[in-house]
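Asker: Can you keep this structure in mind? I'll have questions shortly.
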Amino acid sequence: MADDQYEAKQESMMEDDALRQEVTQENEVITPVFVDGMLSLVGQDITKIPSDVANEFAEKTRRLDLSFNCLRSLEGLEKFTQLEELVLDNNDLDDGIKFPKLQNLHTVTLNKNKITNLDQLLDNISHNLPRLTYLSMLSNEACPNQLSSLDKDEEDYQRYRFYVLFRLPGLKFLDSTNVKEEELVEAKRVGPFMQVVKFTEDEIVHKEENDTEETTAFSPLPNSNEQEHG
């Protein structure tokens, strides 16, 4: 009995210690820096925008830097109605990313995240960020160059670039370079044909099963020698 009581007490103490550490980490994490309309939460290990920070600074923030965190959601961003620039580099944002309607936002950087579905992202941006002129998505699978995959080349990246500019013709800067007028003209011409179709795992498996069935059902013509001896 004494041993059981001792173990229970030890577990309780460990839980209390873990809770204190969690509270301490949270207190250390939320350390915003706000200067002249610019709010920085760089390197805070946050997974979403802290609600108390948003409530305090959102309406007066024009530039928001959330880089080098663990963001998985943009929940709370809708409060930043005056936002003009948004830095989201080096986070854990994936295809679940959803931008709220932000009429003044003209600059977004999404470098080094986990975005794979380009069409889904462009649909969201085109509907909710009408004034966007600067976009960077380097080191995401959705941006096919050698920063995201060694098997991609300049041709893959150019196809992507034409397609993005076709979908977002208001861009003045994409990834690492300015957008030229002749590039926009070419994007308008060839952009509709530059879409990269990505299959889901279920679609790939289904296609492989169909291919196998077709191969099994295939019956070649009999060999002429077999016919003669038959």
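If you're wondering about the labels, chains in the structure tokens are A, B, ... by order shown, residues count from 1 in each chain, ligands from 1 in order shown.
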As a PyMOL selection string, which residues of region 24-212 of chain A does DSSP assign to helix (DSSP H, G or I)?

Answerer: chain A and resi 24-29+51-60+77-79+118-128+154-167+181-193+201-212

Asker: If you count only C-alpha atoms, which residues fall within 10 Å of Ala58 (chain A), apart from same-chain ones fewer than 4 positions away, as a ChimeraX atom specification?

Answerer: /A:37,39,51-54,62,64,76-83

Asker: Assign secondary structure with DSSP using the backbone only, and return the residues of region 57-182 of chain A in strand (DSSP E) as a ChimeraX atom specification.

Answerer: /A:63-65,85-87,107-109,134-136,173-174,177-178

Asker: Show me, as a PyMOL selection string, the residues that have an atom within 7 Å of Leu129 (chain A) when counting only C-alpha atoms, minus same-chain residues fewer than 6 positions from it.

Answerer: chain A and resi 101-103+105

Asker: Any chance you can output those residues with all heavy atoms as a compact mmCIF listing (two decimals), in the first residue's frame?

Answerer:
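Written file, again39.txt:
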```
# COMPACT_ATOMS: atom_id res chain seq x y z
N LYS A 101 -10.55 37.13 -45.76
CA LYS A 101 -10.66 38.28 -46.66
C LYS A 101 -9.87 39.45 -46.08
O LYS A 101 -10.21 39.95 -45.00
CB LYS A 101 -12.13 38.67 -46.82
CG LYS A 101 -12.40 39.62 -47.96
CD LYS A 101 -12.52 38.85 -49.26
CE LYS A 101 -13.03 39.73 -50.39
NZ LYS A 101 -13.17 38.96 -51.65
N LEU A 102 -8.81 39.85 -46.77
CA LEU A 102 -7.99 40.99 -46.32
C LEU A 102 -7.78 41.93 -47.50
O LEU A 102 -6.96 41.67 -48.39
CB LEU A 102 -6.65 40.48 -45.77
CG LEU A 102 -6.73 39.65 -44.47
CD1 LEU A 102 -5.39 39.04 -44.14
CD2 LEU A 102 -7.23 40.51 -43.31
N GLN A 103 -8.50 43.01 -47.50
CA GLN A 103 -8.56 43.91 -48.66
C GLN A 103 -7.25 44.65 -48.90
O GLN A 103 -6.95 45.03 -50.04
CB GLN A 103 -9.69 44.92 -48.47
CG GLN A 103 -11.08 44.31 -48.43
CD GLN A 103 -11.56 43.85 -49.80
OE1 GLN A 103 -10.92 44.09 -50.81
NE2 GLN A 103 -12.69 43.18 -49.83
N LEU A 105 -4.02 43.62 -47.99
CA LEU A 105 -2.80 42.80 -48.00
C LEU A 105 -2.22 42.71 -49.41
O LEU A 105 -2.86 42.21 -50.32
CB LEU A 105 -3.13 41.40 -47.47
CG LEU A 105 -1.93 40.48 -47.22
CD1 LEU A 105 -0.97 41.07 -46.20
CD2 LEU A 105 -2.41 39.11 -46.75
```

Asker: My list of candidates is A:Ile46, A:Leu88, A:Val164, A:Asn140. Which is closest to Ser126 (chain A) when distances are computed with only C-alpha atoms?

Answerer: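 Distance minimum relative to Ser126 (chain A) lands on A:Val164.
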
Asker: What's around region 69-73 of chain A at 6 Å? Count only C-alpha atoms, leave out sequence neighbours fewer than 3 positions away in its own chain, and write the answer as a PyMOL selection string.

Answerer: chain A and resi 43-48+91-93

Asker: Residues at most 7 Å from Leu138 (chain A), counting only C-alpha atoms, excluding those fewer than 3 positions away in the same chain, as a VMD selection string?

Answerer: chain A and resid 111 to 112 143 147 175

Asker: Just the selected residues (C-alpha atoms), exported as a PDB file, in the first residue's frame, please.

Answerer:
```
ATOM      1  CA  ASN A 111       8.723  30.140 -48.206  1.00  0.00           C
ATOM      2  CA  LYS A 112       9.665  26.825 -46.559  1.00  0.00           C
ATOM      3  CA  CYS A 143       6.628  25.493 -56.230  1.00  0.00           C
ATOM      4  CA  LEU A 147      14.794  24.073 -53.715  1.00  0.00           C
ATOM      5  CA  ASP A 175       9.247  34.123 -55.658  1.00  0.00           C
TER       6      ASP A 175
END
```
